[in-house]
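What's in structure_34.cif: mmCIF, C-alpha atoms
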```
data_target
loop_
_atom_site.label_atom_id
_atom_site.label_comp_id
_atom_site.auth_asym_id
_atom_site.auth_seq_id
_atom_site.Cartn_x
_atom_site.Cartn_y
_atom_site.Cartn_z
CA MET M 15 -136.70 -77.47 -38.31
CA THR M 16 -135.61 -77.81 -34.67
CA LYS M 17 -131.96 -77.33 -35.56
CA HIS M 18 -132.75 -74.15 -37.52
CA THR M 19 -133.36 -72.34 -34.24
CA LEU M 20 -129.75 -73.00 -33.22
CA ILE M 21 -128.48 -72.12 -36.71
CA ASP M 22 -130.25 -68.74 -36.50
CA HIS M 23 -128.85 -68.16 -33.02
CA ILE M 24 -125.28 -68.93 -34.09
CA LYS M 25 -125.67 -66.64 -37.13
CA ALA M 26 -126.58 -63.78 -34.79
CA TYR M 27 -123.07 -63.97 -33.27
CA VAL M 28 -120.66 -65.37 -35.89
CA THR M 29 -120.45 -65.51 -39.67
CA SER M 30 -120.57 -69.01 -41.09
CA SER M 31 -121.45 -70.73 -44.39
CA ASP M 32 -124.61 -72.83 -44.70
CA ASN M 33 -122.49 -75.96 -45.13
CA GLU M 34 -120.51 -75.26 -41.96
CA LEU M 35 -123.64 -74.49 -39.96
CA SER M 36 -125.28 -77.71 -41.03
CA GLU M 37 -122.14 -79.61 -39.99
CA ILE M 38 -122.08 -77.75 -36.65
CA VAL M 39 -125.65 -78.61 -35.73
CA GLY M 40 -124.91 -82.22 -36.70
CA PHE M 41 -123.01 -82.43 -33.38
CA PHE M 42 -126.30 -82.05 -31.46
CA ASN M 43 -129.06 -84.54 -30.70
CA THR M 44 -132.67 -83.42 -30.84
CA CYS M 45 -134.62 -84.43 -27.74
CA SER M 46 -138.21 -83.93 -26.73
CA TYR M 47 -139.20 -83.88 -23.05
CA ASN M 48 -142.59 -83.98 -21.42
CA LYS M 49 -143.49 -81.51 -18.70
CA LYS M 50 -141.71 -82.45 -15.44
CA ALA M 51 -139.24 -84.82 -17.17
CA THR M 52 -135.77 -84.84 -15.59
CA LEU M 53 -133.02 -84.12 -18.11
CA LEU M 54 -130.19 -84.35 -15.57
CA PRO M 55 -130.40 -85.56 -11.96
CA ALA M 56 -128.18 -84.04 -9.25
CA GLY M 57 -125.29 -86.32 -8.29
CA LYS M 58 -124.91 -87.85 -11.76
CA ARG M 59 -121.91 -86.96 -13.94
CA CYS M 60 -122.86 -83.82 -15.83
CA ASP M 61 -122.22 -84.85 -19.43
CA LYS M 62 -124.73 -82.72 -21.33
CA LEU M 63 -125.13 -79.11 -22.36
CA PHE M 64 -128.68 -78.17 -23.42
CA PHE M 65 -130.02 -75.56 -25.85
CA VAL M 66 -133.73 -74.80 -25.60
CA VAL M 67 -135.52 -74.70 -28.97
CA LYS M 68 -139.05 -74.61 -27.56
CA GLY M 69 -140.38 -74.74 -24.02
CA CYS M 70 -138.67 -74.03 -20.74
CA LEU M 71 -136.14 -75.80 -18.50
CA CYS M 72 -135.19 -75.08 -14.92
CA LEU M 73 -132.06 -75.70 -12.86
CA TYR M 74 -132.79 -76.44 -9.19
CA PHE M 75 -131.51 -78.13 -6.06
CA ILE M 76 -133.21 -79.63 -3.03
CA ASP M 77 -132.34 -77.80 0.20
CA GLY M 78 -131.78 -79.33 3.64
CA SER M 79 -135.52 -79.14 4.41
CA GLY M 80 -136.49 -80.93 1.19
CA ASN M 81 -137.64 -77.80 -0.63
CA GLN M 82 -137.00 -77.35 -4.36
CA LYS M 83 -134.97 -74.16 -4.93
CA THR M 84 -134.91 -72.89 -8.52
CA ILE M 85 -131.68 -71.13 -9.46
CA GLN M 86 -132.14 -70.56 -13.19
CA PHE M 87 -134.70 -70.83 -15.95
CA ALA M 88 -133.90 -71.35 -19.64
CA ILE M 89 -136.40 -70.50 -22.34
CA GLU M 90 -136.01 -70.47 -26.15
CA ASN M 91 -132.43 -69.77 -27.30
CA TRP M 92 -130.88 -70.22 -23.85
CA TRP M 93 -128.18 -72.67 -22.83
CA LEU M 94 -128.37 -74.64 -19.61
CA THR M 95 -126.30 -77.08 -17.60
CA ASP M 96 -124.29 -77.12 -14.35
CA PHE M 97 -121.41 -75.36 -16.11
CA LEU M 98 -118.76 -76.05 -13.44
CA ALA M 99 -119.64 -79.75 -13.27
CA PHE M 100 -119.85 -79.96 -17.08
CA GLN M 101 -116.40 -78.44 -17.56
CA ASN M 102 -114.85 -80.72 -14.93
CA GLN M 103 -116.98 -83.73 -15.82
CA LYS M 104 -118.04 -84.00 -12.18
CA PRO M 105 -121.42 -84.96 -10.66
CA SER M 106 -124.01 -82.26 -11.10
CA ASN M 107 -124.90 -80.02 -8.14
CA PHE M 108 -128.32 -79.39 -9.66
CA TYR M 109 -131.31 -81.08 -11.27
CA ILE M 110 -132.44 -79.96 -14.71
CA GLU M 111 -136.16 -80.42 -15.40
CA ALA M 112 -138.61 -79.51 -18.17
CA VAL M 113 -141.03 -76.89 -16.82
CA GLU M 114 -143.32 -77.47 -19.82
CA HIS M 115 -143.16 -79.76 -22.87
CA SER M 116 -139.77 -78.82 -24.38
CA GLU M 117 -137.77 -79.35 -27.55
CA VAL M 118 -134.08 -79.36 -26.73
CA LEU M 119 -130.74 -79.81 -28.50
CA ALA M 120 -128.17 -81.67 -26.40
CA ILE M 121 -124.43 -82.13 -26.82
CA SER M 122 -122.14 -84.41 -24.79
CA PHE M 123 -118.87 -83.13 -23.31
CA SER M 124 -116.72 -85.08 -25.79
CA LYS M 125 -118.76 -83.85 -28.77
CA TYR M 126 -118.56 -80.28 -27.40
CA GLN M 127 -114.74 -80.55 -27.27
CA GLU M 128 -114.71 -81.96 -30.80
CA LEU M 129 -117.01 -79.18 -32.05
CA LEU M 130 -114.86 -76.41 -30.52
CA CYS M 131 -111.72 -78.00 -31.96
CA LYS M 132 -113.11 -78.41 -35.46
CA PHE M 133 -114.94 -75.05 -35.61
CA PRO M 134 -112.94 -72.37 -33.75
CA LYS M 135 -115.71 -69.86 -34.50
CA MET M 136 -117.82 -71.81 -32.01
CA GLU M 137 -115.28 -70.69 -29.38
CA THR M 138 -116.24 -67.12 -30.32
CA TYR M 139 -119.93 -68.01 -30.14
CA PHE M 140 -119.70 -69.63 -26.70
CA ARG M 141 -117.26 -67.00 -25.38
CA THR M 142 -119.88 -64.36 -26.25
CA ILE M 143 -122.76 -66.39 -24.77
CA TYR M 144 -120.92 -66.99 -21.47
CA GLU M 145 -119.70 -63.38 -21.28
CA ILE M 146 -123.36 -62.29 -21.48
CA ALA M 147 -124.50 -65.00 -19.04
CA TYR M 148 -121.84 -64.09 -16.46
CA GLY M 149 -122.56 -60.36 -16.84
CA ALA M 150 -126.27 -61.08 -16.37
CA ALA M 151 -125.51 -63.15 -13.24
CA LEU M 152 -123.66 -60.14 -11.73
CA MET M 153 -126.66 -57.94 -12.54
CA ARG M 154 -128.95 -60.50 -10.90
CA LEU M 155 -126.78 -60.36 -7.76
CA LYS M 156 -127.19 -56.57 -7.90
CA TYR M 157 -130.99 -56.95 -8.03
CA ILE M 158 -130.96 -59.45 -5.15
CA ASN M 159 -129.01 -56.87 -3.13
CA SER M 160 -131.17 -53.93 -4.27
CA PHE M 161 -134.76 -55.03 -4.04
CA SER M 162 -137.03 -56.67 -1.52
CA LYS M 163 -138.39 -60.04 -2.69
CA GLU M 164 -141.72 -58.33 -3.36
CA ASP M 165 -140.07 -55.67 -5.55
CA MET M 166 -138.07 -58.42 -7.31
CA PHE M 167 -141.39 -59.96 -8.35
CA PHE M 168 -142.75 -56.67 -9.74
CA ARG M 169 -139.50 -56.01 -11.60
CA PHE M 170 -139.50 -59.54 -12.97
CA ARG M 171 -143.15 -59.26 -14.04
CA ASP M 172 -142.47 -55.94 -15.81
CA ASP M 173 -139.32 -57.26 -17.56
CA PHE M 174 -140.69 -60.71 -18.51
CA PRO M 175 -144.53 -60.50 -18.48
CA GLU M 176 -145.00 -63.50 -20.82
CA PHE M 177 -142.65 -65.59 -18.69
CA VAL M 178 -144.61 -64.92 -15.48
CA GLN M 179 -147.71 -66.24 -17.29
CA ARG M 180 -145.94 -69.40 -18.50
CA VAL M 181 -144.10 -70.59 -15.42
CA PRO M 182 -145.95 -72.45 -12.64
CA GLN M 183 -146.31 -70.22 -9.60
CA TYR M 184 -144.51 -72.59 -7.21
CA LEU M 185 -141.40 -72.44 -9.45
CA LEU M 186 -141.56 -68.67 -9.80
CA ALA M 187 -141.93 -68.38 -6.01
CA SER M 188 -138.91 -70.67 -5.50
CA PHE M 189 -136.86 -68.62 -8.00
CA LEU M 190 -137.71 -65.38 -6.17
CA GLY M 191 -137.15 -66.92 -2.72
CA LEU M 192 -140.83 -66.56 -1.73
CA THR M 193 -143.36 -69.09 -0.47
CA PRO M 194 -146.10 -69.84 -3.05
CA GLU M 195 -148.64 -68.43 -0.54
CA TYR M 196 -146.76 -65.14 -0.23
CA LEU M 197 -146.44 -64.88 -4.02
CA SER M 198 -150.23 -65.34 -4.38
CA GLU M 199 -150.73 -62.60 -1.82
CA ILE M 200 -148.40 -60.18 -3.69
CA LYS M 201 -150.20 -60.93 -6.96
CA ARG M 202 -153.59 -60.27 -5.37
CA LYS M 203 -152.47 -56.77 -4.31
CA MET S 11 -92.48 -59.40 -14.48
CA THR S 12 -96.10 -58.22 -14.07
CA LYS S 13 -97.08 -59.58 -17.47
CA HIS S 14 -95.59 -63.00 -16.63
CA THR S 15 -98.51 -63.65 -14.28
CA LEU S 16 -100.92 -63.38 -17.21
CA ILE S 17 -98.62 -65.45 -19.45
CA ASP S 18 -98.61 -68.25 -16.84
CA HIS S 19 -102.39 -68.04 -16.51
CA ILE S 20 -102.93 -68.26 -20.27
CA LYS S 21 -100.53 -71.23 -20.47
CA ALA S 22 -102.67 -73.07 -17.93
CA TYR S 23 -105.56 -73.09 -20.43
CA VAL S 24 -104.13 -72.96 -23.98
CA THR S 25 -100.91 -73.96 -25.71
CA SER S 26 -98.98 -71.07 -27.17
CA SER S 27 -95.42 -70.24 -28.21
CA ASP S 28 -93.32 -67.79 -26.18
CA ASN S 29 -93.34 -65.37 -29.12
CA GLU S 30 -97.11 -65.47 -29.39
CA LEU S 31 -97.55 -65.04 -25.64
CA SER S 32 -95.31 -62.03 -25.58
CA GLU S 33 -97.30 -60.51 -28.45
CA ILE S 34 -100.57 -61.30 -26.63
CA VAL S 35 -99.59 -59.57 -23.40
CA GLY S 36 -98.43 -56.59 -25.49
CA PHE S 37 -102.15 -55.78 -25.88
CA PHE S 38 -102.39 -54.99 -22.15
CA ASN S 39 -101.36 -51.92 -20.17
CA THR S 40 -99.77 -52.37 -16.75
CA CYS S 41 -101.39 -50.16 -14.12
CA SER S 42 -100.73 -49.69 -10.45
CA TYR S 43 -103.48 -48.48 -8.12
CA ASN S 44 -103.35 -47.30 -4.54
CA LYS S 45 -105.75 -48.67 -1.96
CA LYS S 46 -109.25 -47.20 -2.50
CA ALA S 47 -108.43 -45.89 -6.01
CA THR S 48 -111.39 -46.05 -8.41
CA LEU S 49 -110.58 -47.96 -11.61
CA LEU S 50 -114.04 -47.50 -13.12
CA PRO S 51 -116.86 -45.29 -11.87
CA ALA S 52 -120.51 -46.31 -12.30
CA GLY S 53 -122.25 -44.41 -15.10
CA LYS S 54 -119.13 -44.07 -17.25
CA ARG S 55 -118.76 -46.08 -20.47
CA CYS S 56 -117.24 -49.41 -19.47
CA ASP S 57 -114.22 -49.60 -21.77
CA LYS S 58 -111.80 -51.69 -19.70
CA LEU S 59 -111.38 -55.32 -18.72
CA PHE S 60 -109.02 -55.87 -15.77
CA PHE S 61 -106.76 -58.79 -14.81
CA VAL S 62 -105.41 -58.75 -11.24
CA VAL S 63 -101.68 -59.49 -11.00
CA LYS S 64 -101.33 -58.54 -7.34
CA GLY S 65 -103.76 -57.13 -4.80
CA CYS S 66 -107.53 -57.17 -4.80
CA LEU S 67 -110.32 -55.32 -6.62
CA CYS S 68 -114.01 -55.14 -5.83
CA LEU S 69 -117.12 -54.51 -7.92
CA TYR S 70 -119.85 -52.63 -6.06
CA PHE S 71 -122.84 -50.38 -6.44
CA ILE S 72 -124.44 -47.77 -4.18
CA ASP S 73 -127.98 -48.71 -3.13
CA GLY S 74 -130.96 -46.36 -2.70
CA SER S 75 -129.96 -45.65 0.91
CA GLY S 76 -126.38 -44.70 -0.03
CA ASN S 77 -124.83 -47.98 1.16
CA GLN S 78 -121.96 -49.59 -0.74
CA LYS S 79 -122.98 -53.14 -1.80
CA THR S 80 -120.10 -55.38 -2.92
CA ILE S 81 -121.09 -57.90 -5.59
CA GLN S 82 -117.73 -59.43 -6.50
CA PHE S 83 -114.08 -59.50 -5.44
CA ALA S 84 -111.16 -60.24 -7.75
CA ILE S 85 -107.80 -61.38 -6.38
CA GLU S 86 -104.68 -62.57 -8.22
CA ASN S 87 -105.44 -64.23 -11.59
CA TRP S 88 -109.06 -63.06 -11.70
CA TRP S 89 -110.75 -60.96 -14.36
CA LEU S 90 -113.11 -58.14 -13.50
CA THR S 91 -115.37 -55.64 -15.22
CA ASP S 92 -119.09 -55.02 -15.70
CA PHE S 93 -119.19 -57.70 -18.40
CA LEU S 94 -122.61 -56.76 -19.85
CA ALA S 95 -121.68 -53.08 -20.08
CA PHE S 96 -118.22 -53.95 -21.48
CA GLN S 97 -119.66 -56.14 -24.23
CA ASN S 98 -122.25 -53.52 -25.21
CA GLN S 99 -119.95 -50.56 -24.57
CA LYS S 100 -122.60 -49.07 -22.29
CA PRO S 101 -122.21 -47.10 -19.03
CA SER S 102 -121.13 -49.30 -16.15
CA ASN S 103 -123.71 -50.39 -13.56
CA PHE S 104 -120.93 -50.80 -11.00
CA TYR S 105 -117.87 -49.12 -9.51
CA ILE S 106 -114.55 -50.97 -9.57
CA GLU S 107 -112.18 -50.08 -6.74
CA ALA S 108 -108.81 -51.28 -5.42
CA VAL S 109 -109.35 -52.92 -2.02
CA GLU S 110 -105.58 -52.82 -1.38
CA HIS S 111 -102.60 -51.58 -3.40
CA SER S 112 -103.00 -53.51 -6.68
CA GLU S 113 -101.04 -54.29 -9.83
CA VAL S 114 -103.44 -54.73 -12.72
CA LEU S 115 -103.35 -55.43 -16.46
CA ALA S 116 -106.01 -53.53 -18.41
CA ILE S 117 -107.28 -53.91 -21.97
CA SER S 118 -109.68 -51.60 -23.82
CA PHE S 119 -112.68 -52.96 -25.72
CA SER S 120 -111.15 -52.24 -29.14
CA LYS S 121 -107.84 -53.89 -28.19
CA TYR S 122 -109.78 -56.86 -26.77
CA GLN S 123 -111.58 -57.28 -30.13
CA GLU S 124 -108.27 -56.97 -31.97
CA LEU S 125 -106.63 -59.53 -29.66
CA LEU S 126 -109.44 -62.08 -30.12
CA CYS S 127 -109.34 -61.58 -33.87
CA LYS S 128 -105.57 -61.95 -34.17
CA PHE S 129 -105.23 -64.82 -31.66
CA PRO S 130 -108.24 -67.17 -31.90
CA LYS S 131 -106.78 -69.24 -29.05
CA MET S 132 -107.63 -66.30 -26.79
CA GLU S 133 -111.27 -67.05 -27.65
CA THR S 134 -110.67 -70.51 -26.14
CA TYR S 135 -108.99 -68.95 -23.11
CA PHE S 136 -111.80 -66.47 -22.42
CA ARG S 137 -114.53 -69.00 -23.26
CA THR S 138 -113.07 -71.26 -20.56
CA ILE S 139 -112.67 -68.40 -18.04
CA TYR S 140 -116.26 -67.21 -18.52
CA GLU S 141 -117.64 -70.77 -18.47
CA ILE S 142 -116.01 -71.19 -15.02
CA ALA S 143 -117.13 -67.72 -13.86
CA TYR S 144 -120.74 -68.32 -14.90
CA GLY S 145 -120.74 -71.80 -13.35
CA ALA S 146 -119.35 -70.32 -10.12
CA ALA S 147 -122.04 -67.61 -10.15
CA LEU S 148 -124.75 -70.33 -10.30
CA MET S 149 -123.06 -72.10 -7.35
CA ARG S 150 -123.00 -68.80 -5.47
CA LEU S 151 -126.75 -68.41 -6.07
CA LYS S 152 -127.12 -71.95 -4.67
CA TYR S 153 -125.21 -70.93 -1.51
CA ILE S 154 -127.28 -67.74 -1.12
CA ASN S 155 -130.39 -69.94 -1.27
CA SER S 156 -128.95 -72.64 1.02
CA PHE S 157 -127.31 -70.89 3.92
CA SER S 158 -128.17 -68.20 6.41
CA LYS S 159 -125.92 -65.13 6.16
CA GLU S 160 -124.11 -66.33 9.28
CA ASP S 161 -123.44 -69.76 7.74
CA MET S 162 -122.33 -68.03 4.51
CA PHE S 163 -119.63 -66.28 6.54
CA PHE S 164 -118.39 -69.54 8.11
CA ARG S 165 -118.39 -71.29 4.75
CA PHE S 166 -116.56 -68.35 3.18
CA ARG S 167 -114.01 -68.28 6.01
CA ASP S 168 -113.38 -72.04 5.65
CA ASP S 169 -113.06 -71.86 1.84
CA PHE S 170 -110.98 -68.65 1.68
CA PRO S 171 -109.29 -68.14 5.08
CA GLU S 172 -106.50 -65.91 3.71
CA PHE S 173 -109.05 -63.77 1.91
CA VAL S 174 -111.06 -63.12 5.08
CA GLN S 175 -107.84 -61.84 6.70
CA ARG S 176 -107.02 -59.54 3.77
CA VAL S 177 -110.32 -57.87 3.02
CA PRO S 178 -111.55 -54.96 5.18
CA GLN S 179 -114.44 -56.11 7.35
CA TYR S 180 -116.91 -53.52 6.05
CA LEU S 181 -116.41 -54.89 2.50
CA LEU S 182 -116.72 -58.50 3.60
CA ALA S 183 -119.90 -57.60 5.50
CA SER S 184 -121.30 -55.85 2.42
CA PHE S 185 -120.43 -58.89 0.24
CA LEU S 186 -122.23 -61.24 2.64
CA GLY S 187 -125.21 -58.89 3.06
CA LEU S 188 -124.47 -58.25 6.75
CA THR S 189 -123.96 -55.06 8.73
CA PRO S 190 -120.33 -54.61 9.88
CA GLU S 191 -121.61 -54.77 13.49
CA TYR S 192 -123.34 -58.10 12.94
CA LEU S 193 -120.23 -59.49 11.23
CA SER S 194 -118.10 -58.48 14.25
CA GLU S 195 -120.60 -60.23 16.50
CA ILE S 196 -120.48 -63.45 14.42
CA LYS S 197 -116.66 -63.37 14.47
CA ARG S 198 -116.62 -62.92 18.28
CA LYS S 199 -118.71 -66.10 18.72
#
```
Represent the supplied structure as structure tokens.
Amino acid sequence: MTKHTLIDHIKAYVTSSDNELSEIVGFFNTCSYNKKATLLPAGKRCDKLFFVVKGCLCLYFIDGSGNQKTIQFAIENWWLTDFLAFQNQKPSNFYIEAVEHSEVLAISFSKYQELLCKFPKMETYFRTIYEIAYGAALMRLKYINSFSKEDMFFRFRDDFPEFVQRVPQYLLASFLGLTPEYLSEIKRK
Amino acid sequence: MTKHTLIDHIKAYVTSSDNELSEIVGFFNTCSYNKKATLLPAGKRCDKLFFVVKGCLCLYFIDGSGNQKTIQFAIENWWLTDFLAFQNQKPSNFYIEAVEHSEVLAISFSKYQELLCKFPKMETYFRTIYEIAYGAALMRLKYINSFSKEDMFFRFRDDFPEFVQRVPQYLLASFLGLTPEYLSEIKRK
């Protein structure tokens, strides 16, 4: 059941037989994480790439003053890891944590290499996914440079209303670069 | 000569015969742009992906107050376009301009599709390039959330000293979210 979510997602980008797809998802482990569980700690070799089937993950770091700074969220059908560290098999620059109870598919770096080698269409799938993700990151940099933090919140709320309901306010504040108090104040307005 | 730069770059990521490589680069047009030439205007269908052989390009938008905001630079061996708009063949959200006289290889969306279809190893090449680019974008978001704009400049100068010499100060200021005056002041310190 869990792996069907990934099968459907792959089918949206590449054509593949049912047999192939079932072999492809065989490369992944199904994992279940409780709210606040750490999937990857910063400083540890980044050996996993995660696909969210259900729930929500976040990618964050701890700044010099000890504050948690959220860089990225991943909800259903999103991929998450420290991509630079994963590709180079270096220690992660970020923590990955479950924001809520989450069902996740995980693949190790060696299995990922094996998968790409055995199923070249997965190169097409991931090329497309990363092309979108990189393009979206450039758009996010545009928003950061266009809007005040307050306007970022309103834009975010209008674009992802369900998401704003789901995510704890301290994480949303950290993602938008606001203090939780200031976010509460904006929401009261 | 120009196309050899791309051949060398592809060879750094995938194994390919000389014949294949020469066929691959045949999909690209060589273009030469004077300083300040516009390669892609915002609002026009984004039909080109650019590879910088020599020189420097920048990706920017004009904010509500008419200021140019630089989101990304591309120097030798970098790829640049509005990736979301390119993939969806939508109007570009950004302008692409030559920062200095630049030699560029360009590929249209239809040729890009044809290339990926005919040479699946180019899927591997671009998957790797975008994986790095997306990973680097997440690291950049970490820096934006870690450092003051002043510290961003010092970090940038230490990491890319040659680049800071090459790029006009008003563009560097725009990239770092500073006014040109404030950047001059930081540099005087």
Practice task
Identify all residues satisfying the PyMOL selection byres ((chain S) within 9 of (chain M)) in the given file; provide them as a count of residues only.
Solution key: 40
Exercise for the section: Name the residues captured by the PyMOL selection byres ((chain S and resi 178) around 12) when it is applied to the shown file; answer as a PyMOL selection string. Expected result: chain S and resi 45-46+66-68+80+83+108-110+173-177+179-185+190+193-194
Problem - Surrounding residues of Tyr47 of chain M excluding itself and chain neighbours under 4 positions, 12 Å, all atoms listed in the file, as a list in words - result: Ala51, Thr52, Leu53, Leu54, Phe64, Val66, Val67, Lys68, Gly69, Cys70, Leu71, Ile110, Glu111, Ala112, Val113, Glu114, His115, Ser116, Glu117, Val118, Leu119 and Ala120 of chain M
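Nearest residue to Lys62 of chain M among M:Lys104, M:Lys201, M:His18, M:Arg171 is M:Lys104, counting only C-alpha atoms.
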Practice task
In Å, rounded to a single decimal, give me how far atom CA of Arg165 of chain S is from atom CA of Gly57 of chain M.
Solution key: 21.1 Å
Handout entry: Selection: 10 Å around Phe41 of chain M, all atoms listed in the file, excl. self and same-chain fewer than 6 positions, as a list in words
Key = Leu119, Ala120, Ile121, Ser122, Lys125, Tyr126, Glu128 and Leu129 of chain M
Handout entry: Atomic distance atom CA of Phe163 of chain S - atom CA of Asn77 of chain S, expressed in Å with one decimal
Key = 19.8 Å
Exercise for the section: Grab the atom CA of Cys45 of chain M to atom CA of Phe174 of chain M distance for me, in Å with one decimal place. Expected result: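 Interatomic distance here is 26.2 Å.
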Practice task
Quick one: everything within 12 Å of Glu30 of chain S, counting all atoms listed in the file, minus sequence neighbours fewer than 3 positions away in the same chain. Send it as a PyMOL selection string.
Solution key: chain S and resi 17+20-21+24-27+33-37+125+128-132
Handout entry: Top pick for closest residue to Glu160 of chain S, considering S:Arg55, S:Lys13, S:His19, S:Lys199 and counting only C-alpha atoms
Key =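 Of all the options, S:Lys199 lies closest to Glu160 of chain S.
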Please report, as JSON, the centre and edge lengths in Å to one decimal of an axis-aligned box covering all listed atoms of segment 111-122 of chain S with 8 Å per side.
```
{"center_x": -106.9, "center_y": -54.2, "center_z": -16.3, "size_x": 27.6, "size_y": 21.3, "size_z": 41.7}
```
N, CA and C atoms restored at segment 21-42 of chain S, emitted as a compact mmCIF listing (two decimals), in the coordinates of the input:
```txt
# COMPACT_ATOMS: atom_id res chain seq x y z
N LYS S 21 -101.14 -69.91 -20.21
CA LYS S 21 -100.53 -71.23 -20.47
C LYS S 21 -101.24 -72.37 -19.74
N ALA S 22 -101.93 -72.03 -18.66
CA ALA S 22 -102.67 -73.07 -17.93
C ALA S 22 -103.90 -73.54 -18.71
N TYR S 23 -104.33 -72.75 -19.70
CA TYR S 23 -105.56 -73.09 -20.43
C TYR S 23 -105.35 -73.38 -21.91
N VAL S 24 -104.37 -72.72 -22.55
CA VAL S 24 -104.13 -72.96 -23.98
C VAL S 24 -102.62 -73.08 -24.25
N THR S 25 -102.31 -73.80 -25.32
CA THR S 25 -100.91 -73.96 -25.71
C THR S 25 -100.53 -72.83 -26.65
N SER S 26 -99.39 -72.22 -26.37
CA SER S 26 -98.98 -71.07 -27.17
C SER S 26 -97.45 -70.95 -27.13
N SER S 27 -96.88 -70.43 -28.19
CA SER S 27 -95.42 -70.24 -28.21
C SER S 27 -95.05 -69.01 -27.39
N ASP S 28 -93.78 -68.95 -26.97
CA ASP S 28 -93.32 -67.79 -26.18
C ASP S 28 -93.48 -66.50 -26.97
N ASN S 29 -93.20 -66.56 -28.28
CA ASN S 29 -93.34 -65.37 -29.12
C ASN S 29 -94.78 -64.86 -29.15
N GLU S 30 -95.69 -65.82 -29.35
CA GLU S 30 -97.11 -65.47 -29.39
C GLU S 30 -97.55 -64.85 -28.07
N LEU S 31 -97.14 -65.51 -26.96
CA LEU S 31 -97.55 -65.04 -25.64
C LEU S 31 -97.05 -63.62 -25.37
N SER S 32 -95.84 -63.36 -25.84
CA SER S 32 -95.31 -62.03 -25.58
C SER S 32 -96.05 -60.99 -26.43
N GLU S 33 -96.50 -61.42 -27.63
CA GLU S 33 -97.30 -60.51 -28.45
C GLU S 33 -98.69 -60.29 -27.82
N ILE S 34 -99.25 -61.37 -27.27
CA ILE S 34 -100.57 -61.30 -26.63
C ILE S 34 -100.56 -60.32 -25.46
N VAL S 35 -99.59 -60.45 -24.58
CA VAL S 35 -99.59 -59.57 -23.40
C VAL S 35 -99.24 -58.13 -23.78
N GLY S 36 -98.69 -57.95 -24.99
CA GLY S 36 -98.43 -56.59 -25.49
C GLY S 36 -99.71 -55.78 -25.68
N PHE S 37 -100.86 -56.47 -25.73
CA PHE S 37 -102.15 -55.78 -25.88
C PHE S 37 -102.61 -55.12 -24.59
N PHE S 38 -101.94 -55.47 -23.48
CA PHE S 38 -102.39 -54.99 -22.15
C PHE S 38 -101.50 -53.86 -21.63
N ASN S 39 -102.10 -52.95 -20.89
CA ASN S 39 -101.36 -51.92 -20.17
C ASN S 39 -101.21 -52.33 -18.71
N THR S 40 -100.02 -52.10 -18.16
CA THR S 40 -99.77 -52.37 -16.75
C THR S 40 -100.17 -51.12 -15.96
N CYS S 41 -100.97 -51.30 -14.94
CA CYS S 41 -101.39 -50.16 -14.12
C CYS S 41 -101.23 -50.51 -12.65
N SER S 42 -100.91 -49.51 -11.88
CA SER S 42 -100.73 -49.69 -10.45
C SER S 42 -101.72 -48.76 -9.75
```
